[in-house]
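Source file: final.txt (compact mmCIF, C-alpha atoms and all ligand atoms)
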# COMPACT_ATOMS: atom_id res chain seq x y z
CA MET A 17 66.56 185.48 126.93
CA ILE A 18 67.38 181.95 125.70
CA GLU A 19 64.77 179.96 123.84
CA VAL A 20 65.49 176.45 122.61
CA ARG A 21 62.76 174.70 120.64
CA ASN A 22 62.83 171.08 119.61
CA ILE A 23 66.50 170.95 118.70
CA THR A 24 67.90 167.68 117.45
CA LYS A 25 71.54 167.07 116.55
CA ARG A 26 72.64 164.01 114.64
CA TYR A 27 76.24 162.99 114.07
CA GLY A 28 75.82 160.43 111.28
CA HIS A 29 73.59 157.74 112.75
CA LEU A 30 74.06 158.93 116.34
CA THR A 31 71.39 161.25 117.74
CA ALA A 32 73.32 163.32 120.31
CA ILE A 33 70.29 165.39 121.34
CA ASP A 34 66.68 164.66 120.55
CA ARG A 35 63.96 167.37 120.45
CA VAL A 36 65.38 169.38 123.32
CA THR A 37 63.21 172.32 124.43
CA PHE A 38 63.80 174.77 127.30
CA ARG A 39 64.08 178.46 128.07
CA VAL A 40 66.11 180.67 130.36
CA ASP A 41 64.63 183.96 131.51
CA LYS A 42 66.48 187.22 132.09
CA GLY A 43 68.66 187.07 135.19
CA GLU A 44 68.04 183.37 135.75
CA VAL A 45 70.71 180.74 136.46
CA LEU A 46 69.78 177.37 134.98
CA ALA A 47 71.60 174.10 135.60
CA PHE A 48 71.89 171.77 132.66
CA LEU A 49 72.47 168.55 134.48
CA GLY A 50 73.25 165.15 133.04
CA PRO A 51 75.71 162.27 133.09
CA ASN A 52 78.66 162.07 130.68
CA GLY A 53 77.57 161.83 127.06
CA ALA A 54 74.05 163.11 127.80
CA GLY A 55 74.30 165.87 125.20
CA LYS A 56 75.18 168.91 127.33
CA THR A 57 78.18 170.12 125.34
CA THR A 58 76.36 169.57 122.05
CA THR A 59 73.51 171.81 123.27
CA MET A 60 75.98 174.50 124.48
CA ARG A 61 77.74 174.43 121.11
CA ILE A 62 74.48 174.97 119.25
CA LEU A 63 73.57 177.86 121.55
CA THR A 64 76.93 179.53 121.00
CA SER A 65 76.51 179.23 117.19
CA PHE A 66 79.51 176.91 117.06
CA ILE A 67 77.59 174.12 115.31
CA PRO A 68 74.13 174.14 113.72
CA ALA A 69 71.28 171.95 114.94
CA THR A 70 70.03 169.30 112.52
CA GLU A 71 66.46 170.28 113.36
CA GLY A 72 64.73 172.83 115.57
CA THR A 73 65.59 176.41 116.52
CA ALA A 74 67.62 178.15 119.21
CA HIS A 75 67.43 181.89 119.95
CA VAL A 76 69.57 184.07 122.20
CA ALA A 77 68.23 187.56 123.00
CA GLY A 78 65.85 187.16 120.07
CA PHE A 79 68.58 186.24 117.54
CA ASP A 80 68.64 182.91 115.72
CA CYS A 81 71.77 180.90 116.62
CA ALA A 82 72.02 179.38 113.12
CA GLU A 83 70.99 182.41 111.03
CA GLN A 84 72.55 185.29 113.02
CA PRO A 85 75.71 183.88 114.62
CA GLU A 86 77.49 187.27 114.85
CA GLU A 87 74.62 188.86 116.79
CA VAL A 88 74.40 185.81 119.06
CA LYS A 89 78.15 185.75 119.77
CA LYS A 90 78.11 189.44 120.72
CA ARG A 91 75.62 188.68 123.44
CA ILE A 92 77.16 185.49 124.80
CA GLY A 93 80.11 184.83 127.04
CA TYR A 94 81.21 181.21 126.72
CA LEU A 95 83.49 179.26 128.99
CA PRO A 96 84.12 175.83 127.42
CA GLU A 97 85.14 172.90 129.58
CA THR A 98 88.81 173.63 128.85
CA PRO A 99 89.41 177.38 129.23
CA PRO A 100 90.54 178.85 125.88
CA VAL A 101 93.62 180.59 127.31
CA TYR A 102 97.08 181.10 125.79
CA GLN A 103 99.67 179.78 128.20
CA GLU A 104 102.51 181.89 126.78
CA LEU A 105 100.75 185.22 127.43
CA THR A 106 100.40 187.09 130.71
CA VAL A 107 96.88 187.57 132.09
CA ALA A 108 96.85 191.24 131.03
CA GLU A 109 98.19 190.43 127.52
CA TYR A 110 95.59 187.71 127.06
CA LEU A 111 92.68 189.87 128.22
CA THR A 112 93.90 192.71 125.98
CA PHE A 113 93.88 190.27 123.06
CA VAL A 114 90.36 189.03 123.88
CA GLY A 115 89.11 192.60 124.39
CA LYS A 116 90.46 193.62 120.97
CA VAL A 117 88.84 190.60 119.32
CA ARG A 118 85.60 191.78 120.93
CA GLY A 119 86.12 195.14 119.25
CA PHE A 120 87.36 197.26 122.18
CA SER A 121 90.26 199.72 121.99
CA GLY A 122 91.72 202.65 123.95
CA THR A 123 89.87 203.75 127.09
CA GLU A 124 87.01 201.38 126.41
CA LEU A 125 89.40 198.43 126.42
CA ARG A 126 91.15 199.62 129.61
CA THR A 127 87.81 200.09 131.39
CA ALA A 128 86.58 196.63 130.31
CA MET A 129 89.82 195.01 131.50
CA GLU A 130 89.79 196.80 134.85
CA ARG A 131 86.16 195.80 135.38
CA VAL A 132 86.76 192.05 134.81
CA MET A 133 90.06 191.99 136.67
CA GLU A 134 88.39 193.55 139.69
CA ARG A 135 85.35 191.28 139.49
CA LEU A 136 87.53 188.16 139.27
CA ALA A 137 90.24 189.39 141.63
CA LEU A 138 92.95 189.05 138.97
CA GLY A 139 94.83 192.27 139.71
CA SER A 140 97.62 190.59 141.67
CA VAL A 141 98.38 188.09 138.87
CA GLN A 142 97.89 190.34 135.84
CA HIS A 143 101.61 190.25 134.93
CA ARG A 144 102.05 186.51 135.47
CA LEU A 145 102.24 184.04 132.60
CA ILE A 146 99.02 182.03 132.34
CA ALA A 147 101.15 178.84 132.16
CA ASN A 148 102.33 179.52 135.73
CA LEU A 149 98.88 180.07 137.25
CA SER A 150 97.01 177.56 139.41
CA ARG A 151 93.99 175.86 137.82
CA GLY A 152 91.68 178.02 139.91
CA TYR A 153 93.23 181.24 138.64
CA ARG A 154 93.25 179.90 135.08
CA GLN A 155 89.53 179.24 135.40
CA ARG A 156 89.03 182.81 136.62
CA VAL A 157 90.93 184.06 133.57
CA GLY A 158 88.61 181.88 131.45
CA LEU A 159 85.62 183.53 133.13
CA ALA A 160 87.16 186.97 132.63
CA GLN A 161 87.37 186.36 128.86
CA ALA A 162 83.72 185.29 128.89
CA LEU A 163 82.71 188.47 130.75
CA ILE A 164 84.94 191.08 129.12
CA HIS A 165 82.21 192.41 126.80
CA ASP A 166 79.65 192.30 129.64
CA PRO A 167 77.30 189.92 127.77
CA PRO A 168 73.73 189.43 129.00
CA VAL A 169 74.09 185.64 128.54
CA LEU A 170 76.75 183.35 129.96
CA ILE A 171 77.25 179.72 129.05
CA LEU A 172 79.53 177.81 131.35
CA ASP A 173 80.45 174.21 130.55
CA GLU A 174 81.48 172.30 133.69
CA PRO A 175 83.16 175.38 135.22
CA THR A 176 84.38 173.73 138.43
CA VAL A 177 85.87 170.50 137.05
CA GLY A 178 89.40 169.93 138.35
CA LEU A 179 89.28 172.68 140.98
CA ASP A 180 90.00 172.18 144.67
CA PRO A 181 87.15 172.64 147.20
CA LYS A 182 88.09 176.24 148.06
CA GLN A 183 88.30 177.21 144.38
CA ILE A 184 84.96 175.46 143.73
CA ILE A 185 83.28 177.59 146.42
CA GLU A 186 84.83 180.76 144.97
CA ILE A 187 83.67 180.01 141.42
CA ARG A 188 80.17 179.05 142.62
CA GLU A 189 79.89 182.28 144.63
CA LEU A 190 80.93 184.20 141.57
CA ILE A 191 78.31 182.50 139.40
CA LYS A 192 75.66 183.24 142.04
CA SER A 193 76.68 186.89 142.02
CA LEU A 194 75.95 186.99 138.26
CA ALA A 195 72.30 186.00 138.78
CA GLY A 196 69.88 188.87 138.30
CA SER A 197 72.17 190.79 135.95
CA HIS A 198 72.96 187.85 133.62
CA SER A 199 71.15 184.82 132.26
CA VAL A 200 73.39 181.85 132.92
CA ILE A 201 73.39 178.24 131.75
CA LEU A 202 75.65 176.09 133.83
CA SER A 203 76.31 172.65 132.44
CA THR A 204 77.28 170.19 135.13
CA HIS A 205 77.18 166.55 136.14
CA ILE A 206 77.65 167.52 139.79
CA LEU A 207 74.38 167.55 141.69
CA PRO A 208 75.31 169.78 144.63
CA GLU A 209 76.46 172.35 142.10
CA ALA A 210 72.98 172.50 140.60
CA THR A 211 71.32 172.98 144.01
CA ALA A 212 73.95 175.39 145.33
CA VAL A 213 73.97 177.74 142.38
CA CYS A 214 70.83 177.43 140.25
CA GLN A 215 67.18 178.36 140.56
CA ARG A 216 66.04 175.84 137.98
CA VAL A 217 67.36 172.50 136.79
CA VAL A 218 66.97 170.80 133.43
CA ILE A 219 67.97 167.15 133.57
CA ILE A 220 69.14 165.63 130.29
CA ASN A 221 69.83 161.96 129.71
CA GLY A 222 70.57 160.12 126.49
CA GLY A 223 69.97 163.34 124.53
CA ARG A 224 66.48 163.89 125.93
CA ILE A 225 65.17 166.18 128.64
CA VAL A 226 63.77 163.99 131.39
CA ALA A 227 62.83 166.66 133.93
CA GLU A 228 62.72 170.42 134.41
CA ASP A 229 61.90 172.21 137.66
CA THR A 230 63.32 173.87 140.75
CA PRO A 231 65.55 171.55 142.80
CA ASP A 232 62.95 171.42 145.60
CA GLN A 233 60.02 170.78 143.28
CA LEU A 234 61.90 168.00 141.51
CA SER A 235 62.39 166.20 144.80
CA ALA A 236 58.77 166.81 145.81
CA ARG A 237 57.35 165.57 142.49
CA LEU A 238 59.18 162.29 142.78
CA ARG A 239 58.29 161.71 146.36
CA ARG A 240 55.63 159.03 146.43
CA SER A 241 54.94 159.05 150.15
CA GLU A 242 55.85 160.78 153.39
CA LYS A 243 58.58 159.04 155.32
CA ILE A 244 59.79 159.43 158.85
CA SER A 245 62.86 157.90 160.36
CA VAL A 246 62.39 156.63 163.91
CA THR A 247 65.26 155.62 166.20
CA LEU A 248 64.55 153.71 169.40
CA LYS A 249 66.71 152.89 172.39
CA ALA A 250 65.23 149.46 173.07
CA PRO A 251 63.28 148.23 170.07
CA ALA A 252 61.22 145.06 170.41
CA ALA A 253 61.91 142.15 168.05
CA ASP A 254 58.52 142.54 166.38
CA MET A 255 58.74 146.33 166.17
CA MET A 256 58.27 146.26 162.38
CA GLU A 257 54.97 144.46 162.71
CA ARG A 258 53.79 146.51 165.66
CA PHE A 259 54.28 149.89 163.99
CA ARG A 260 51.91 148.74 161.25
CA ASP A 261 49.12 148.92 163.87
CA VAL A 262 49.41 152.70 164.04
CA ALA A 263 46.62 154.30 161.97
CA GLY A 264 47.92 155.67 158.66
CA VAL A 265 51.15 153.63 158.52
CA GLU A 266 51.52 152.02 155.09
CA HIS A 267 54.99 150.48 155.19
CA VAL A 268 57.74 149.93 157.71
CA LEU A 269 61.24 149.58 156.23
CA THR A 270 64.45 148.45 157.84
CA THR A 271 67.69 150.44 157.65
CA SER A 272 71.32 149.48 158.21
CA ASP A 273 70.89 150.49 161.90
CA PRO A 274 68.73 147.85 163.69
CA ARG A 275 67.38 150.52 166.04
CA THR A 276 66.12 152.73 163.19
CA VAL A 277 63.13 152.13 160.92
CA LEU A 278 61.58 154.15 158.13
CA ILE A 279 57.83 154.54 158.44
CA GLU A 280 55.82 155.46 155.35
CA CYS A 281 52.35 156.95 155.12
CA ALA A 282 50.30 158.53 152.33
CA LEU A 283 51.46 161.91 150.94
CA GLY A 284 50.09 164.85 152.91
CA LYS A 285 49.49 162.87 156.12
CA ASP A 286 51.33 163.65 159.32
CA ILE A 287 51.47 160.62 161.62
CA ARG A 288 54.40 161.74 163.76
CA GLU A 289 52.31 162.35 166.87
CA ASP A 290 50.62 158.93 166.68
CA VAL A 291 53.93 157.14 166.02
CA ALA A 292 55.59 158.95 168.96
CA ARG A 293 52.70 158.14 171.32
CA PHE A 294 52.81 154.50 170.26
CA ALA A 295 56.61 154.13 170.73
CA VAL A 296 56.50 155.83 174.12
CA GLY A 297 53.48 153.67 175.14
CA GLN A 298 55.52 150.56 174.32
CA ASN A 299 58.38 151.86 176.45
CA TRP A 300 60.83 151.52 173.54
CA GLY A 301 62.71 154.72 174.39
CA LEU A 302 62.15 157.15 171.52
CA LEU A 303 65.56 158.65 170.75
CA GLU A 304 64.90 160.45 167.49
CA MET A 305 62.19 161.03 164.93
CA LYS A 306 62.66 163.06 161.74
CA PRO A 307 61.06 163.46 158.31
CA VAL A 308 63.01 162.03 155.39
CA SER A 309 62.73 163.11 151.78
CA MET A 310 64.51 162.41 148.53
CA THR A 311 67.63 164.38 147.78
CA LEU A 312 68.21 165.66 144.30
CA GLU A 313 70.70 162.83 144.02
CA ASP A 314 67.90 160.29 144.48
CA VAL A 315 65.83 162.12 141.88
CA PHE A 316 68.72 162.17 139.45
CA LEU A 317 69.31 158.44 139.84
CA ARG A 318 65.64 157.71 139.34
CA LEU A 319 65.46 159.81 136.20
CA THR A 320 68.70 158.71 134.60
CA GLN A 321 68.79 155.03 135.44
CA ARG A 322 66.52 152.18 134.66
CA GLU A 323 64.45 150.85 137.58
CA ASP A 324 66.46 147.58 137.69
CA GLU A 325 69.73 149.52 138.00
CA LEU A 326 68.59 151.48 141.02
CA PRO A 327 70.07 150.67 144.39
CA ASN A 328 67.86 149.20 147.11
CA SER A 329 64.82 151.47 147.47
CA ASN A 330 65.45 151.90 151.21
CA GLU A 331 68.77 153.53 150.45
CA THR A 332 67.59 155.73 147.61
CA THR A 333 65.08 157.40 149.89
CA MET A 334 67.33 157.80 152.89
CA GLY A 335 68.64 161.22 151.98
CA GLU A 336 67.44 164.16 154.01
CA ARG A 337 66.38 167.51 152.66
CA HIS A 338 69.18 170.04 153.04
N1 LIG A 401 81.65 165.67 116.85
C1 LIG A 401 81.05 164.55 117.22
N2 LIG A 401 80.96 163.49 116.40
C2 LIG A 401 80.31 162.35 116.75
N3 LIG A 401 79.72 162.15 117.93
C3 LIG A 401 79.78 163.16 118.81
C4 LIG A 401 80.44 164.40 118.52
N4 LIG A 401 80.33 165.21 119.61
C5 LIG A 401 79.63 164.51 120.54
N5 LIG A 401 79.30 163.28 120.06
C6 LIG A 401 78.50 162.27 120.77
O1 LIG A 401 77.26 162.86 121.12
C7 LIG A 401 76.83 162.44 122.42
C8 LIG A 401 76.64 163.65 123.33
O2 LIG A 401 77.92 164.22 123.60
P1 LIG A 401 78.13 165.56 124.45
O3 LIG A 401 79.61 165.87 124.40
O4 LIG A 401 77.19 166.59 123.98
O5 LIG A 401 77.73 165.06 125.90
P2 LIG A 401 77.99 165.73 127.31
O6 LIG A 401 76.72 165.63 128.07
O7 LIG A 401 78.57 167.09 127.13
O8 LIG A 401 79.06 164.77 127.97
P3 LIG A 401 80.46 165.09 128.67
O9 LIG A 401 80.11 165.59 130.02
O10 LIG A 401 81.13 163.73 128.68
O11 LIG A 401 81.16 166.10 127.79
C9 LIG A 401 77.90 161.48 122.90
O12 LIG A 401 77.47 160.18 122.60
C10 LIG A 401 79.12 161.85 122.09
O13 LIG A 401 79.98 160.75 121.92
Have the structure of the file written as structure tokens, please.
Ligand SMILES: Nc1ncnc2c1ncn2[C@@H]1O[C@H](COP(=O)(O)OP(=O)(O)OP(=O)(O)O)[C@@H](O)[C@H]1O
Amino acid sequence: MIEVRNITKRYGHLTAIDRVTFRVDKGEVLAFLGPNGAGKTTTMRILTSFIPATEGTAHVAGFDCAEQPEEVKKRIGYLPETPPVYQELTVAEYLTFVGKVRGFSGTELRTAMERVMERLALGSVQHRLIANLSRGYRQRVGLAQALIHDPPVLILDEPTVGLDPKQIIEIRELIKSLAGSHSVILSTHILPEATAVCQRVVIINGGRIVAEDTPDQLSARLRRSEKISVTLKAPAADMMERFRDVAGVEHVLTTSDPRTVLIECALGKDIREDVARFAVGQNWGLLEMKPVSMTLEDVFLRLTQREDELPNSNETTMGERH
């Protein structure tokens, strides 16, 4: 549904994006994840035919974003970072305006408006001025304008920025409900958003794609070893050394809790039984033992920061799989 091939965008001497390639299939929700200035908005603007790429091609539903902008725009709903709403209009007036711009009139326009107002629960505020709405409602109005022509493709640039936690959950639920019937690109710098809402994640940094996979696979690919966290009631002073005697143990790492250690072994090995037997045999009082893996946050840090900028490796691998 969306096909981006080797697009590069230069602003003078600055290369904002550099040979970016990815695709989004029908009904798929893709997270476009990256820190500020990574090139997310530039990519969205090329896809929505707002600006041309310097090099490379982008297609939406088979239409070329540079050569056939009208066809592309018909098939895209776009919610920019700041919703393009007119404060001095009521919700109904604004959606009527957007519907007319999209070419609707009469019954068709009324049906389209009713459909989006129901989907976004805007009925109760349809006669209120947009200026007087909460940010959450304003964002819903922004989404309504993106959906009014029922486009197969939706491009949402940081759709939850500035919302409160309840509004964030509502907007994320709504985006999830669009999966299957719409292809969605969700640009975000918020990691939990990518995992909560999207089936696939593209990570962009410094204008380049540094990873592309499902959230789980990304974590798995970057995992270099299996780790288990072991908490003891009465650890011995030389516990670190002693655990190394267990067959298969490669490293023993300290944590901020003196009773807890992280034990590493080779990928694919399961040494939990041997570690448990050993701790019990030493009478150390085994309180807890659990596998530990990288969170997407760890992966993101690894991919978007240089090795010397990374926090202590013990901490980066402390996250647990959700
Ligand atoms: N019109 C422009 N002229 C010159 N440089 C630009 C222009 N638009 C973006 N840039 C630069 O291109 C790079 C990528 O910007 P872009 O806005 O695409 O990043 P982003 O990932 O969307 O970041 P943010 O989340 O901060 O919006 C940045 O270095 C930015 O300063």
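One finds CA of Asp180 (chain A) at 23.9 Å from CA of Glu104 (chain A).
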Which of these residues is nearest to Val76 (chain A), using only C-alpha atoms: A:Lys89, A:Met17, A:Gly115, A:Gly122? A:Met17
So how many Å separate atom N2 of ligand LIG 401 (chain A) and CA of Ala160 (chain A), to one decimal? 29.2 Å
Once you count all atoms listed in the file, what closest atom pair and distance in Å to one decimal does each residue of chain A within 9 Å of ligand LIG 401 (chain A) have, with rows by chain and rising residue number, as JSON lines?
{"residue": "A:Lys25", "atom": "CA", "partner": "A:LIG401", "partner_atom": "O1", "distance": 8.4}
{"residue": "A:Arg26", "atom": "CA", "partner": "A:LIG401", "partner_atom": "N3", "distance": 8.0}
{"residue": "A:Tyr27", "atom": "CA", "partner": "A:LIG401", "partner_atom": "C2", "distance": 4.9}
{"residue": "A:Gly28", "atom": "CA", "partner": "A:LIG401", "partner_atom": "C2", "distance": 7.3}
{"residue": "A:Leu30", "atom": "CA", "partner": "A:LIG401", "partner_atom": "N3", "distance": 6.7}
{"residue": "A:Thr31", "atom": "CA", "partner": "A:LIG401", "partner_atom": "O1", "distance": 7.0}
{"residue": "A:Ala32", "atom": "CA", "partner": "A:LIG401", "partner_atom": "O1", "distance": 4.0}
{"residue": "A:Ile33", "atom": "CA", "partner": "A:LIG401", "partner_atom": "C8", "distance": 6.9}
{"residue": "A:Leu49", "atom": "CA", "partner": "A:LIG401", "partner_atom": "O6", "distance": 8.2}
{"residue": "A:Gly50", "atom": "CA", "partner": "A:LIG401", "partner_atom": "O6", "distance": 6.1}
{"residue": "A:Pro51", "atom": "CA", "partner": "A:LIG401", "partner_atom": "O6", "distance": 6.1}
{"residue": "A:Asn52", "atom": "CA", "partner": "A:LIG401", "partner_atom": "O10", "distance": 3.6}
{"residue": "A:Gly53", "atom": "CA", "partner": "A:LIG401", "partner_atom": "O8", "distance": 3.4}
{"residue": "A:Ala54", "atom": "CA", "partner": "A:LIG401", "partner_atom": "O6", "distance": 3.7}
{"residue": "A:Gly55", "atom": "CA", "partner": "A:LIG401", "partner_atom": "O4", "distance": 3.2}
{"residue": "A:Lys56", "atom": "CA", "partner": "A:LIG401", "partner_atom": "O6", "distance": 3.7}
{"residue": "A:Thr57", "atom": "CA", "partner": "A:LIG401", "partner_atom": "O7", "distance": 3.5}
{"residue": "A:Thr58", "atom": "CA", "partner": "A:LIG401", "partner_atom": "O4", "distance": 3.6}
{"residue": "A:Thr59", "atom": "CA", "partner": "A:LIG401", "partner_atom": "O4", "distance": 6.4}
{"residue": "A:Met60", "atom": "CA", "partner": "A:LIG401", "partner_atom": "O4", "distance": 8.0}
{"residue": "A:Arg61", "atom": "CA", "partner": "A:LIG401", "partner_atom": "O4", "distance": 8.4}
{"residue": "A:Glu97", "atom": "CA", "partner": "A:LIG401", "partner_atom": "O11", "distance": 8.1}
{"residue": "A:Asp173", "atom": "CA", "partner": "A:LIG401", "partner_atom": "O7", "distance": 8.1}
{"residue": "A:Glu174", "atom": "CA", "partner": "A:LIG401", "partner_atom": "O9", "distance": 7.8}
{"residue": "A:Ser203", "atom": "CA", "partner": "A:LIG401", "partner_atom": "O7", "distance": 8.0}
{"residue": "A:Thr204", "atom": "CA", "partner": "A:LIG401", "partner_atom": "O9", "distance": 7.4}
{"residue": "A:His205", "atom": "CA", "partner": "A:LIG401", "partner_atom": "O9", "distance": 6.9}
{"residue": "A:Ile220", "atom": "CA", "partner": "A:LIG401", "partner_atom": "O6", "distance": 7.9}
{"residue": "A:Asn221", "atom": "CA", "partner": "A:LIG401", "partner_atom": "O6", "distance": 8.0}
{"residue": "A:Gly222", "atom": "CA", "partner": "A:LIG401", "partner_atom": "C8", "distance": 7.7}
{"residue": "A:Gly223", "atom": "CA", "partner": "A:LIG401", "partner_atom": "C8", "distance": 6.8}
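The residue set within 9 Å of Arg118 (chain A), counting all atoms listed in the file and dropping same-chain residues fewer than 2 places from it, reads Lys90, Phe113, Val114, Gly115, Lys116, Phe120, Ile164 and His165 of chain A.
Closest approach to Leu248 (chain A) among A:Ile279, A:Thr270, A:Val296, A:Leu202: A:Val296, based on all atoms listed in the file.
Minimum atom-to-atom distance to Gln183 (chain A), evaluated using all atoms listed in the file, belongs to A:Arg151 out of A:Lys306, A:Arg151, A:His198, A:Arg91.
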To one decimal place, how far is CA of Gln155 (chain A) from CA of Tyr110 (chain A) in Å? 13.3 Å
What's the 12 Å shell around Pro175 (chain A), counting only C-alpha atoms, without same-chain residues fewer than 2 positions away, as a ChimeraX atom specification? /A:47,94-99,151-152,154-159,162,170-173,177-179,183-188,190-191,200-206,209-210,213
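Minimum distance to Leu136 (chain A) across A:Phe66, A:Phe79, A:Tyr153, A:Phe48 (counting all atoms listed in the file) occurs at A:Tyr153.
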Using the file's own x, y and z axes, so that the box edges lie along x, y and z, what centre and edge lengths in Å (one decimal) does a box around every listed atom of region 121-132 of chain A get when 4 Å is added on each side? Give it as AutoDock Vina command-line options.
--center_x 88.9 --center_y 197.9 --center_z 128.7 --size_x 13.6 --size_y 19.7 --size_z 21.4
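When only C-alpha atoms are used to compute distances to Ser197 (chain A), the closest of the residues A:Val246, A:Val217, A:Val88, A:Leu163 turns out to be A:Leu163.
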Counting all atoms listed in the file, which residue out of A:Ala195, A:Ile219, A:Ala263, A:Leu125 sits closest to Glu109 (chain A)? A:Leu125
